[in-house]
file start03.cif (mmCIF, C-alpha atoms and all ligand atoms)
data_structure
#
loop_
_atom_site.label_atom_id
_atom_site.label_comp_id
_atom_site.auth_asym_id
_atom_site.auth_seq_id
_atom_site.Cartn_x
_atom_site.Cartn_y
_atom_site.Cartn_z
CA MET A 1 0.00 0.00 0.00
CA LYS A 2 2.71 2.46 -0.96
CA THR A 3 2.24 5.72 -2.83
CA MET A 4 4.76 6.75 -5.46
CA LEU A 5 5.78 10.39 -5.10
CA LEU A 6 7.44 12.08 -8.06
CA SER A 7 8.95 15.37 -7.02
CA LYS A 8 10.43 18.19 -9.07
CA GLU A 9 13.83 16.46 -8.71
CA ASP A 10 12.40 13.19 -10.06
CA CYS A 11 10.76 14.96 -13.00
CA ARG A 12 14.05 16.74 -13.70
CA ALA A 13 15.89 13.38 -13.64
CA ILE A 14 13.34 11.87 -16.04
CA ALA A 15 13.51 14.86 -18.42
CA ARG A 16 17.32 14.84 -18.41
CA HIS A 17 17.56 11.10 -18.85
CA ALA A 18 15.05 10.89 -21.71
CA GLY A 19 15.85 14.32 -23.18
CA LEU A 20 13.11 16.92 -23.61
CA ASP A 21 12.67 16.27 -27.33
CA VAL A 22 12.28 12.52 -26.84
CA LEU A 23 9.92 13.06 -23.92
CA MET A 24 7.77 15.43 -25.97
CA ASP A 25 7.75 13.04 -28.95
CA GLU A 26 6.72 10.18 -26.68
CA LEU A 27 3.95 12.26 -25.17
CA ILE A 28 2.62 13.42 -28.55
CA ASP A 29 2.56 9.79 -29.72
CA ARG A 30 1.01 8.46 -26.53
CA LEU A 31 -1.64 11.17 -26.51
CA THR A 32 -2.48 10.51 -30.16
CA ARG A 33 -2.80 6.80 -29.41
CA ALA A 34 -4.84 7.41 -26.26
CA ILE A 35 -7.23 9.68 -28.17
CA ASP A 36 -7.46 7.13 -30.96
CA GLU A 37 -8.47 4.50 -28.38
CA TYR A 38 -10.66 6.86 -26.33
CA ASP A 39 -13.92 5.18 -25.39
CA PRO A 40 -16.42 7.05 -23.21
CA GLN A 41 -17.65 3.68 -21.87
CA ARG A 42 -14.18 3.02 -20.43
CA THR A 43 -13.16 6.56 -19.51
CA SER A 44 -15.32 8.85 -17.45
CA VAL A 45 -14.46 12.55 -17.38
CA LEU A 46 -16.42 14.65 -14.91
CA ALA A 47 -16.90 18.41 -15.26
CA ARG A 48 -14.14 20.24 -13.48
CA ASP A 49 -15.00 22.60 -10.67
CA GLY A 50 -13.18 24.93 -8.34
CA PHE A 51 -12.96 28.04 -6.21
CA HIS A 52 -12.82 31.30 -8.12
CA TYR A 53 -11.86 34.36 -6.07
CA HIS A 54 -10.56 37.91 -6.29
CA ASN A 55 -9.09 38.34 -2.84
CA PRO A 56 -6.19 38.90 -2.21
CA TYR A 57 -5.52 38.31 -5.92
CA HIS A 58 -7.55 37.04 -8.82
CA GLY A 59 -7.29 33.27 -8.85
CA LEU A 60 -8.81 29.88 -9.40
CA LEU A 61 -8.13 26.58 -7.69
CA GLU A 62 -9.84 23.77 -9.51
CA TRP A 63 -9.91 19.98 -9.64
CA MET A 64 -10.14 17.94 -12.81
CA PRO A 65 -11.26 14.30 -12.41
CA VAL A 66 -11.02 11.45 -14.91
CA MET A 67 -11.56 7.72 -14.26
CA GLN A 68 -10.46 4.66 -16.18
CA VAL A 69 -13.46 2.50 -15.28
CA GLY A 70 -12.53 -0.32 -12.91
CA ASP A 71 -8.91 0.79 -12.77
CA THR A 72 -7.74 4.20 -11.53
CA ALA A 73 -8.93 7.78 -11.24
CA THR A 74 -6.64 10.74 -11.90
CA VAL A 75 -7.38 14.07 -10.26
CA LYS A 76 -5.39 17.15 -11.10
CA VAL A 77 -5.59 20.11 -8.75
CA VAL A 78 -4.48 23.23 -10.57
CA GLY A 79 -4.11 26.82 -9.47
CA TYR A 80 -4.40 29.70 -11.91
CA HIS A 81 -3.01 32.90 -10.39
CA PRO A 82 -1.93 35.33 -13.11
CA ALA A 83 -0.40 37.73 -10.55
CA ASN A 84 1.98 35.00 -9.34
CA PRO A 85 4.93 35.81 -11.65
CA THR A 86 5.09 39.51 -10.75
CA VAL A 87 3.90 39.41 -7.13
CA LYS A 88 5.40 36.15 -5.86
CA GLY A 89 7.94 35.10 -8.45
CA LEU A 90 5.93 31.90 -9.03
CA PRO A 91 4.37 30.44 -12.19
CA THR A 92 0.77 31.39 -13.05
CA ILE A 93 -0.06 27.68 -13.18
CA LEU A 94 0.90 25.55 -10.15
CA SER A 95 -0.38 22.04 -9.97
CA THR A 96 -0.18 18.49 -8.64
CA ILE A 97 -1.68 15.34 -10.12
CA SER A 98 -2.83 12.36 -8.07
CA ASN A 99 -3.91 8.87 -9.10
CA TYR A 100 -6.20 6.55 -7.11
CA ASP A 101 -6.99 2.85 -7.34
CA VAL A 102 -10.75 2.77 -7.86
CA THR A 103 -11.01 -0.79 -6.56
CA THR A 104 -9.82 0.31 -3.09
CA GLY A 105 -9.45 4.11 -2.95
CA HIS A 106 -5.69 3.81 -2.40
CA LEU A 107 -3.55 6.76 -3.52
CA VAL A 108 -1.26 5.17 -6.13
CA GLY A 109 0.79 8.20 -7.09
CA LEU A 110 1.29 11.91 -6.57
CA VAL A 111 3.23 13.84 -9.20
CA ASP A 112 4.20 17.43 -9.99
CA GLY A 113 1.57 18.95 -12.27
CA THR A 114 3.23 22.21 -13.25
CA PHE A 115 5.81 20.83 -15.68
CA LEU A 116 3.40 18.06 -16.69
CA THR A 117 0.62 20.55 -17.49
CA ALA A 118 2.95 22.56 -19.72
CA LEU A 119 3.96 19.35 -21.52
CA ARG A 120 0.51 17.84 -21.98
CA THR A 121 -1.13 21.10 -23.07
CA ALA A 122 1.59 21.58 -25.65
CA ALA A 123 1.37 17.96 -26.82
CA ALA A 124 -2.39 18.36 -27.36
CA SER A 125 -1.76 21.39 -29.61
CA ALA A 126 0.83 19.38 -31.53
CA VAL A 127 -1.66 16.53 -32.03
CA ALA A 128 -4.22 18.95 -33.51
CA THR A 129 -1.63 20.90 -35.53
CA ARG A 130 -0.29 17.73 -37.13
CA VAL A 131 -3.73 17.07 -38.62
CA LEU A 132 -4.90 20.62 -39.34
CA ALA A 133 -1.93 22.82 -40.34
CA LYS A 134 -1.35 23.33 -44.06
CA SER A 135 1.61 21.28 -45.19
CA GLY A 136 4.71 23.40 -45.64
CA SER A 137 3.67 25.76 -42.82
CA ASP A 138 6.85 27.26 -41.43
CA THR A 139 5.89 30.52 -39.71
CA VAL A 140 4.49 30.44 -36.20
CA GLY A 141 2.95 33.42 -34.39
CA MET A 142 2.89 33.39 -30.60
CA ILE A 143 0.63 35.80 -28.69
CA GLY A 144 1.38 35.62 -24.96
CA CYS A 145 4.95 34.58 -24.23
CA GLY A 146 4.76 33.12 -20.72
CA ALA A 147 5.29 29.58 -19.48
CA GLN A 148 2.86 27.75 -21.77
CA ALA A 149 4.26 29.53 -24.84
CA VAL A 150 7.66 27.90 -24.25
CA SER A 151 6.31 24.34 -24.27
CA GLN A 152 3.75 25.11 -27.01
CA LEU A 153 6.49 26.24 -29.36
CA HIS A 154 8.64 23.26 -28.40
CA ALA A 155 5.81 20.81 -29.18
CA LEU A 156 5.05 22.55 -32.48
CA SER A 157 8.70 22.25 -33.45
CA ARG A 158 8.34 18.46 -33.09
CA VAL A 159 5.53 18.23 -35.68
CA MET A 160 6.44 20.98 -38.16
CA SER A 161 9.59 22.54 -39.47
CA ILE A 162 9.66 26.09 -38.08
CA ASP A 163 11.62 28.69 -39.97
CA ARG A 164 10.33 31.85 -38.26
CA VAL A 165 8.71 32.68 -34.94
CA LEU A 166 6.85 35.97 -34.57
CA PHE A 167 5.93 36.79 -31.01
CA HIS A 168 4.14 39.36 -28.90
CA ASP A 169 3.38 39.78 -25.22
CA ARG A 170 1.74 42.80 -23.70
CA ASP A 171 4.38 42.69 -20.96
CA PRO A 172 7.63 43.88 -22.60
CA LYS A 173 9.74 42.14 -19.92
CA VAL A 174 8.19 38.77 -20.75
CA ALA A 175 8.57 39.39 -24.50
CA ALA A 176 12.21 40.39 -24.03
CA THR A 177 13.20 36.96 -22.69
CA PHE A 178 10.99 34.76 -24.86
CA ALA A 179 13.42 33.97 -27.67
CA GLU A 180 16.03 32.84 -25.19
CA ARG A 181 13.63 30.78 -23.06
CA ALA A 182 12.16 29.10 -26.12
CA SER A 183 15.38 28.35 -27.94
CA VAL A 184 17.76 27.47 -25.10
CA GLY A 185 20.08 24.59 -26.00
CA GLY A 186 19.03 24.86 -29.66
CA ARG A 187 15.62 23.41 -28.79
CA VAL A 188 13.78 25.54 -31.34
CA SER A 189 16.20 26.85 -33.93
CA ALA A 190 14.30 29.45 -35.91
CA ARG A 191 14.45 33.18 -36.52
CA PHE A 192 12.68 34.96 -33.67
CA ASP A 193 11.12 38.40 -34.24
CA GLN A 194 9.16 40.43 -31.75
CA THR A 195 6.29 41.81 -33.83
CA ALA A 196 3.12 43.87 -33.40
CA THR A 197 0.01 41.66 -33.40
CA ALA A 198 -1.36 42.96 -36.73
CA ALA A 199 1.80 41.94 -38.65
CA LEU A 200 2.13 38.76 -36.61
CA VAL A 201 -1.33 37.42 -37.40
CA SER A 202 -1.16 38.31 -41.09
CA THR A 203 2.17 36.48 -41.61
CA SER A 204 1.67 33.30 -39.55
CA ASP A 205 0.72 29.89 -40.89
CA VAL A 206 0.15 28.63 -37.35
CA LEU A 207 -0.92 30.89 -34.49
CA CYS A 208 -0.83 30.10 -30.82
CA THR A 209 -2.54 32.22 -28.18
CA THR A 210 -1.38 31.56 -24.64
CA THR A 211 -2.38 34.70 -22.82
CA SER A 212 -3.70 35.36 -19.36
CA VAL A 213 -6.15 37.86 -20.85
CA ALA A 214 -8.74 38.86 -18.26
CA ILE A 215 -12.42 37.99 -18.44
CA GLY A 216 -14.16 40.37 -20.84
CA GLU A 217 -10.89 41.78 -22.28
CA GLY A 218 -10.59 39.49 -25.31
CA PRO A 219 -10.02 39.10 -28.18
CA VAL A 220 -6.23 39.48 -28.15
CA PHE A 221 -5.96 40.28 -31.88
CA GLU A 222 -8.12 41.64 -34.67
CA ASP A 223 -9.45 39.49 -37.48
CA ARG A 224 -7.56 41.29 -40.27
CA ASP A 225 -5.62 39.81 -43.17
CA LEU A 226 -5.18 36.34 -41.66
CA ARG A 227 -3.92 33.66 -44.00
CA ALA A 228 -6.80 31.66 -45.47
CA TRP A 229 -5.23 28.42 -44.19
CA VAL A 230 -4.22 29.66 -40.72
CA HIS A 231 -4.38 27.07 -37.97
CA VAL A 232 -4.83 28.49 -34.46
CA ASN A 233 -4.16 26.76 -31.16
CA ALA A 234 -6.19 28.82 -28.69
CA VAL A 235 -4.84 27.78 -25.30
CA GLY A 236 -5.57 30.62 -22.90
CA SER A 237 -9.35 30.55 -22.85
CA ASP A 238 -10.48 28.42 -19.90
CA PHE A 239 -12.97 30.52 -17.95
CA SER A 240 -16.52 31.57 -18.42
CA GLY A 241 -16.28 34.99 -20.14
CA LYS A 242 -12.59 34.63 -21.01
CA PHE A 243 -11.64 34.26 -24.66
CA GLU A 244 -8.79 35.19 -26.98
CA LEU A 245 -10.06 34.90 -30.55
CA PRO A 246 -12.28 37.21 -32.60
CA ARG A 247 -15.71 35.66 -33.12
CA SER A 248 -15.60 36.23 -36.90
CA LEU A 249 -12.55 33.93 -37.16
CA LEU A 250 -14.37 31.20 -35.26
CA GLU A 251 -17.46 31.64 -37.41
CA ARG A 252 -15.61 30.90 -40.64
CA SER A 253 -13.23 28.22 -39.27
CA LEU A 254 -13.35 24.55 -38.45
CA VAL A 255 -13.48 24.69 -34.64
CA VAL A 256 -12.20 21.63 -32.78
CA PRO A 257 -12.59 21.73 -29.00
CA ASP A 258 -10.59 19.34 -26.81
CA CYS A 259 -13.70 18.61 -24.76
CA ARG A 260 -16.90 19.95 -26.24
CA GLU A 261 -19.02 20.57 -23.13
CA GLN A 262 -16.13 22.19 -21.29
CA ALA A 263 -15.21 24.39 -24.26
CA GLN A 264 -18.80 25.54 -24.54
CA ARG A 265 -18.66 26.64 -20.88
CA GLU A 266 -15.11 27.99 -20.76
CA GLY A 267 -13.41 28.03 -24.16
CA GLU A 268 -13.63 29.85 -27.46
CA CYS A 269 -16.75 27.79 -28.18
CA GLN A 270 -18.60 30.08 -25.73
CA GLN A 271 -18.75 32.52 -28.61
CA LEU A 272 -20.56 30.11 -30.94
CA PRO A 273 -24.06 28.63 -30.86
CA PRO A 274 -23.91 25.01 -29.57
CA ASP A 275 -25.15 23.51 -32.86
CA ARG A 276 -22.21 25.14 -34.71
CA ILE A 277 -19.70 22.81 -33.01
CA ASP A 278 -19.96 19.44 -34.65
CA THR A 279 -16.62 17.86 -33.84
CA ASP A 280 -13.95 17.52 -31.17
CA LEU A 281 -10.38 16.28 -30.72
CA VAL A 282 -11.50 12.65 -30.43
CA ALA A 283 -13.35 12.84 -33.76
CA LEU A 284 -10.38 14.65 -35.33
CA ILE A 285 -8.07 11.75 -34.51
CA GLN A 286 -10.49 8.83 -34.80
CA GLN A 287 -11.90 10.06 -38.12
CA ARG A 288 -8.82 11.75 -39.65
CA GLU A 289 -9.96 11.12 -43.20
CA ARG A 290 -12.98 13.44 -42.63
CA PHE A 291 -10.55 16.33 -42.14
CA VAL A 292 -8.14 15.87 -45.03
CA GLY A 293 -9.52 18.96 -46.84
CA SER A 294 -9.31 21.11 -43.70
CA ARG A 295 -5.58 21.79 -44.00
CA ASP A 296 -6.18 24.42 -46.69
CA LYS A 297 -8.86 26.25 -44.67
CA SER A 298 -8.73 28.07 -41.37
CA SER A 299 -9.05 25.94 -38.27
CA VAL A 300 -9.04 26.46 -34.51
CA PHE A 301 -8.06 24.00 -31.81
CA ASP A 302 -10.02 25.23 -28.78
CA SER A 303 -7.82 23.94 -25.96
CA THR A 304 -9.37 24.34 -22.53
CA GLY A 305 -7.34 21.54 -20.90
CA TRP A 306 -8.80 18.05 -20.87
CA ALA A 307 -8.42 15.83 -17.79
CA TYR A 308 -7.70 12.81 -20.03
CA GLU A 309 -4.43 14.51 -21.03
CA ASP A 310 -3.43 14.62 -17.35
CA HIS A 311 -4.03 10.89 -17.04
CA VAL A 312 -1.85 10.22 -20.11
CA VAL A 313 1.06 12.43 -19.04
CA MET A 314 1.04 11.09 -15.47
CA GLN A 315 1.20 7.50 -16.71
CA LEU A 316 4.14 8.43 -18.97
CA PHE A 317 6.07 9.82 -16.00
CA LEU A 318 5.18 6.90 -13.73
CA ASP A 319 6.44 4.52 -16.45
CA HIS A 320 9.72 6.41 -16.78
CA ALA A 321 10.10 6.53 -12.99
CA ARG A 322 9.61 2.75 -12.78
CA GLU A 323 12.18 2.11 -15.52
CA MET A 324 14.73 4.48 -14.00
CA GLY A 325 14.06 3.56 -10.38
CA VAL A 326 13.39 7.17 -9.35
CA GLY A 327 10.66 8.47 -7.06
CA THR A 328 9.88 7.84 -3.42
CA ALA A 329 7.48 5.10 -2.38
CA ILE A 330 5.95 5.86 1.00
CA GLU A 331 3.03 4.63 3.06
CA ILE A 332 0.66 7.54 3.59
CA GLU A 333 -2.62 5.84 4.46
CA SER A 334 -2.83 4.44 7.98
CA HIS A 335 -4.31 1.11 7.00
CA THR A 336 -4.11 -1.59 9.66
CA ASP A 337 -3.91 -5.33 10.08
CA ASP A 338 -7.41 -5.10 11.48
CA PRO A 339 -9.51 -3.23 8.91
CA HIS A 340 -12.18 -2.58 11.56
CA ASP A 341 -9.85 -0.83 13.97
CA PRO A 342 -8.58 2.61 12.88
CA TYR A 343 -6.29 2.80 15.99
CA ASP A 344 -4.64 -0.56 15.38
CA PHE A 345 -1.76 0.87 13.32
CA ILE A 346 -0.62 2.88 16.39
CA VAL A 347 -0.32 -0.24 18.53
CA SER A 348 0.98 -2.57 15.83
CA GLY A 349 3.41 0.15 14.63
CA ALA A 350 4.73 0.57 18.21
CA LYS A 351 5.04 -3.23 18.55
CA SER A 352 7.05 -3.53 15.33
CA GLU A 353 9.27 -0.57 16.38
CA VAL A 354 10.02 -2.30 19.70
CA GLY A 355 10.62 -5.54 17.78
CA SER A 356 13.11 -3.94 15.44
CA ARG A 357 14.90 -2.13 18.34
CA GLU A 358 15.21 -5.44 20.21
CA SER A 359 16.65 -7.20 17.17
CA GLU A 360 19.13 -4.28 16.71
CA VAL A 361 20.25 -4.67 20.36
CA ARG A 362 20.64 -8.47 19.94
CA SER A 363 22.74 -8.03 16.80
N1 LIG B 401 -5.66 24.89 -22.33
C1 LIG B 401 -4.96 24.38 -21.33
O1 LIG B 401 -4.93 23.17 -21.12
C2 LIG B 401 -4.15 25.30 -20.48
C3 LIG B 401 -3.16 24.77 -19.65
C4 LIG B 401 -2.38 25.65 -18.91
C5 LIG B 401 -2.62 27.01 -18.99
N2 LIG B 401 -3.63 27.49 -19.78
C6 LIG B 401 -3.90 28.91 -19.90
O2 LIG B 401 -2.87 29.47 -20.70
C7 LIG B 401 -2.71 30.85 -20.37
C8 LIG B 401 -1.24 31.15 -20.22
O3 LIG B 401 -0.71 30.43 -19.13
P1 LIG B 401 0.83 30.64 -18.72
O4 LIG B 401 1.13 29.57 -17.73
O5 LIG B 401 1.65 30.76 -19.94
O6 LIG B 401 0.73 32.05 -18.01
P2 LIG B 401 1.88 33.16 -17.92
O7 LIG B 401 1.43 34.12 -16.90
O8 LIG B 401 3.21 32.52 -17.77
O9 LIG B 401 1.85 33.88 -19.36
C9 LIG B 401 0.73 34.58 -19.84
C10 LIG B 401 1.24 35.77 -20.62
O10 LIG B 401 0.14 36.35 -21.35
C11 LIG B 401 0.41 37.74 -21.44
N3 LIG B 401 -0.80 38.44 -21.83
C12 LIG B 401 -1.93 38.64 -21.10
N4 LIG B 401 -2.85 39.29 -21.85
C13 LIG B 401 -2.29 39.49 -23.06
C14 LIG B 401 -2.75 40.10 -24.26
N5 LIG B 401 -3.97 40.64 -24.35
N6 LIG B 401 -1.91 40.15 -25.32
C15 LIG B 401 -0.65 39.62 -25.24
N7 LIG B 401 -0.18 39.03 -24.13
C16 LIG B 401 -0.99 38.97 -23.06
C17 LIG B 401 0.94 38.09 -20.07
O11 LIG B 401 1.67 39.32 -20.08
C18 LIG B 401 1.80 36.88 -19.74
O12 LIG B 401 3.15 37.10 -20.05
C19 LIG B 401 -3.54 31.07 -19.10
O13 LIG B 401 -4.71 31.73 -19.45
C20 LIG B 401 -3.84 29.69 -18.61
O14 LIG B 401 -5.05 29.62 -17.92
C21 LIG B 401 -4.39 26.65 -20.52
#
call {"tool": "encode", "arguments": {"input": "start03.cif", "output": "structure tokens"}}
result
Amino acid sequence: MKTMLLSKEDCRAIARHAGLDVLMDELIDRLTRAIDEYDPQRTSVLARDGFHYHNPYHGLLEWMPVMQVGDTATVKVVGYHPANPTVKGLPTILSTISNYDVTTGHLVGLVDGTFLTALRTAAASAVATRVLAKSGSDTVGMIGCGAQAVSQLHALSRVMSIDRVLFHDRDPKVAATFAERASVGGRVSARFDQTATAALVSTSDVLCTTTSVAIGEGPVFEDRDLRAWVHVNAVGSDFSGKFELPRSLLERSLVVPDCREQAQREGECQQLPPDRIDTDLVALIQQRERFVGSRDKSSVFDSTGWAYEDHVVMQLFLDHAREMGVGTAIEIESHTDDPHDPYDFIVSGAKSEVGSRESEVRS
């Protein structure tokens, strides 16, 4: 009855051992496969919920549950606090992911969710981009250059050949460091140009919006002179009333939400009538042939963050941890020899401590 803990150090060891590119490739492939095999009879995703507050700072703490029927349930708890970077020197997104055995309730694993969220969100965009971007696309526009933008660009670089990156952030300090953060170690080797949004959106083949735009302040760019084939990964919209894209772009595009009901509540799909959204990421992957003609038209991946992605990325890290022998297995739950006596572990624990002290003395 041990729980496997994967700390920041363990995740660092896994990332260094595998290499970030290999890890991202593995995740993109695993997520594609998992979506291909997705069966709502075997996987149950409940609506996420959370506390939304404005005091002392604007924030959200929410939980995202998903169950593999008869096997395990994964619950991510994620905080969204856009003031974190400037006020506390912390990421906007802080998270942990836990996994439970649904045959007993036992906590199987507890893993960092901050790095894993950045990876899985980016991998989901790569999965959609691989199907929807026009072939030969080589110019990527990034609006919002914070944490998610780094992993989004990395994942895109694994599924398309990027020649030029145009980027914009409303915070000049964040924009000033983006090229370096995104390209460190030669991870994304492209020409980086900080560009005003109007020029950025009219020159990009693939756009990615990863902003912390406030509720009611969107869209983050105007629908002017976009390329007819533009593919957009809209990542920042995940709140009722919060969106990044102009409605006119959505109205003329193929819109693919990660999770339809959630996107209608919190994503870009809020801006469209429900009957306008006739597909989702599962259909995009399971029925790829339906979308062959979409590459030459504008498309939007409405990414609100799907709990199934958390399940997939956590399993990937647990598998690596097992192979490498990293992580800490500890007993957290005070289960006892007598399942009807919740105090028994105190007595039996004391007895075994005495026993081991006596055997130490004898030896
Ligand atoms: N879809 C998902 O699964 C998923 C997962 C994680 C985060 N997110 C969302 O992605 C967004 C970015 O997260 P992050 O971790 O990168 O946050 P971050 O704070 O690191 O970066 C956000 C950046 O957006 C910039 N910004 C805000 N409004 C802007 C605007 N109008 N134009 C240009 N730039 C603007 C900010 O200055 C900031 O630098 C958040 O809204 C978050 O909720 C979505």
call {"tool": "closest_residue", "arguments": {"input": "start03.cif", "among": "A:Leu249, A:Leu61, A:Ala73, A:Ile332", "to": "A:Arg224", "atoms": "all atoms listed in the file"}}
result
A:Leu249
call {"tool": "residues_near_point", "arguments": {"input": "start03.cif", "point": "(-8.7, 19.8, -24.3)", "cutoff": "10 Å", "atoms": "only C-alpha atoms", "output": "list in words"}}
result
Arg120, Thr121, Ala124, Ser125, Val235, Asp238, Val256, Pro257, Asp258, Cys259, Arg260, Gln262, Ala263, Gly267, Asp280, Leu281, Val282, Phe301, Asp302, Ser303, Thr304, Gly305, Trp306, Ala307, Tyr308 and Glu309 of chain A
call {"tool": "atom_distance", "arguments": {"input": "start03.cif", "atom1": "atom CA of A:Lys134", "atom2": "atom CA of A:Ala283"}}
result
19.0 Å
call {"tool": "closest_atom_pairs", "arguments": {"input": "start03.cif", "of": "chain A", "to": "ligand LIG 401 (chain B)", "cutoff": "7 Å", "atoms": "all atoms listed in the file", "output": "JSON lines"}}
result
{"residue": "A:Tyr80", "atom": "CA", "partner": "B:LIG401", "partner_atom": "O14", "distance": 6.0}
{"residue": "A:Pro82", "atom": "CA", "partner": "B:LIG401", "partner_atom": "O7", "distance": 5.2}
{"residue": "A:Pro85", "atom": "CA", "partner": "B:LIG401", "partner_atom": "O7", "distance": 6.5}
{"residue": "A:Pro91", "atom": "CA", "partner": "B:LIG401", "partner_atom": "O8", "distance": 6.1}
{"residue": "A:Thr92", "atom": "CA", "partner": "B:LIG401", "partner_atom": "O7", "distance": 4.8}
{"residue": "A:Ile93", "atom": "CA", "partner": "B:LIG401", "partner_atom": "O4", "distance": 5.1}
{"residue": "A:Thr117", "atom": "CA", "partner": "B:LIG401", "partner_atom": "C3", "distance": 6.1}
{"residue": "A:Ala118", "atom": "CA", "partner": "B:LIG401", "partner_atom": "C4", "distance": 6.2}
{"residue": "A:Thr121", "atom": "CA", "partner": "B:LIG401", "partner_atom": "O1", "distance": 4.7}
{"residue": "A:Ile143", "atom": "CA", "partner": "B:LIG401", "partner_atom": "C15", "distance": 5.3}
{"residue": "A:Gly144", "atom": "CA", "partner": "B:LIG401", "partner_atom": "N7", "distance": 3.8}
{"residue": "A:Cys145", "atom": "CA", "partner": "B:LIG401", "partner_atom": "O12", "distance": 5.2}
{"residue": "A:Gly146", "atom": "CA", "partner": "B:LIG401", "partner_atom": "O9", "distance": 3.3}
{"residue": "A:Ala147", "atom": "CA", "partner": "B:LIG401", "partner_atom": "O5", "distance": 3.9}
{"residue": "A:Gln148", "atom": "CA", "partner": "B:LIG401", "partner_atom": "O5", "distance": 3.7}
{"residue": "A:Ala149", "atom": "CA", "partner": "B:LIG401", "partner_atom": "O5", "distance": 5.7}
{"residue": "A:His168", "atom": "CA", "partner": "B:LIG401", "partner_atom": "C15", "distance": 6.0}
{"residue": "A:Asp169", "atom": "CA", "partner": "B:LIG401", "partner_atom": "N7", "distance": 3.8}
{"residue": "A:Arg170", "atom": "CA", "partner": "B:LIG401", "partner_atom": "N7", "distance": 4.3}
{"residue": "A:Asp171", "atom": "CA", "partner": "B:LIG401", "partner_atom": "O11", "distance": 4.4}
{"residue": "A:Val174", "atom": "CA", "partner": "B:LIG401", "partner_atom": "O12", "distance": 5.4}
{"residue": "A:Thr210", "atom": "CA", "partner": "B:LIG401", "partner_atom": "C8", "distance": 4.4}
{"residue": "A:Thr211", "atom": "CA", "partner": "B:LIG401", "partner_atom": "O10", "distance": 3.4}
{"residue": "A:Ser212", "atom": "CA", "partner": "B:LIG401", "partner_atom": "O13", "distance": 3.8}
{"residue": "A:Val213", "atom": "CA", "partner": "B:LIG401", "partner_atom": "N4", "distance": 3.7}
{"residue": "A:Ala214", "atom": "CA", "partner": "B:LIG401", "partner_atom": "N4", "distance": 6.9}
{"residue": "A:Gly218", "atom": "CA", "partner": "B:LIG401", "partner_atom": "N5", "distance": 6.8}
{"residue": "A:Val220", "atom": "CA", "partner": "B:LIG401", "partner_atom": "N5", "distance": 4.6}
{"residue": "A:Val235", "atom": "CA", "partner": "B:LIG401", "partner_atom": "N1", "distance": 4.2}
{"residue": "A:Gly236", "atom": "CA", "partner": "B:LIG401", "partner_atom": "O2", "distance": 3.7}
{"residue": "A:Ser237", "atom": "CA", "partner": "B:LIG401", "partner_atom": "O13", "distance": 5.9}
{"residue": "A:Asp238", "atom": "CA", "partner": "B:LIG401", "partner_atom": "O14", "distance": 5.9}
{"residue": "A:Ser303", "atom": "CA", "partner": "B:LIG401", "partner_atom": "N1", "distance": 4.3}
{"residue": "A:Thr304", "atom": "CA", "partner": "B:LIG401", "partner_atom": "N1", "distance": 3.8}
{"residue": "A:Gly305", "atom": "CA", "partner": "B:LIG401", "partner_atom": "O1", "distance": 2.9}
{"residue": "A:Trp306", "atom": "CA", "partner": "B:LIG401", "partner_atom": "O1", "distance": 6.4}
call {"tool": "atom_distance", "arguments": {"input": "start03.cif", "atom1": "atom CA of A:Phe167", "atom2": "atom CA of A:Cys208"}}
result
9.5 Å
call {"tool": "closest_atom_pairs", "arguments": {"input": "start03.cif", "of": "stretch 158-209 of chain A", "to": "stretch 225-229 of chain A", "cutoff": "7 Å", "atoms": "only C-alpha atoms", "output": "JSON lines"}}
result
{"residue": "A:Val201", "atom": "CA", "partner": "A:Leu226", "partner_atom": "CA", "distance": 5.8}
{"residue": "A:Ser202", "atom": "CA", "partner": "A:Leu226", "partner_atom": "CA", "distance": 4.5}
{"residue": "A:Asp205", "atom": "CA", "partner": "A:Arg227", "partner_atom": "CA", "distance": 6.7}
call {"tool": "atom_distance", "arguments": {"input": "start03.cif", "atom1": "atom CA of A:Thr104", "atom2": "atom CA of A:Val326"}}
result
25.0 Å
call {"tool": "residues_around", "arguments": {"input": "start03.cif", "residues": "A:Arg16", "least_positions_apart": "6", "cutoff": "12 Å", "atoms": "all atoms listed in the file", "output": "ChimeraX atom specification"}}
result
/A:9-10,22-23,320,324
call {"tool": "residues_near_point", "arguments": {"input": "start03.cif", "point": "(-14.9, 1.8, -11.0)", "cutoff": "9 Å", "atoms": "all atoms listed in the file", "output": "list of chain:residue names"}}
result
A:Met67, A:Gln68, A:Val69, A:Gly70, A:Asp71, A:Thr72, A:Ala73, A:Asp101, A:Val102, A:Thr103
call {"tool": "closest_residue", "arguments": {"input": "start03.cif", "among": "A:His81, A:Arg191, A:Arg164, A:His58", "to": "A:Thr203", "atoms": "all atoms listed in the file"}}
result
A:Arg164
call {"tool": "closest_residue", "arguments": {"input": "start03.cif", "among": "A:Asn233, A:Ser157, A:Gln264, A:Thr139", "to": "A:Gly186", "atoms": "all atoms listed in the file"}}
result
A:Ser157
call {"tool": "closest_residue", "arguments": {"input": "start03.cif", "among": "A:Leu107, A:Ile162, A:Ala47, A:Ala18", "to": "A:Ser334", "atoms": "all atoms listed in the file"}}
result
A:Leu107
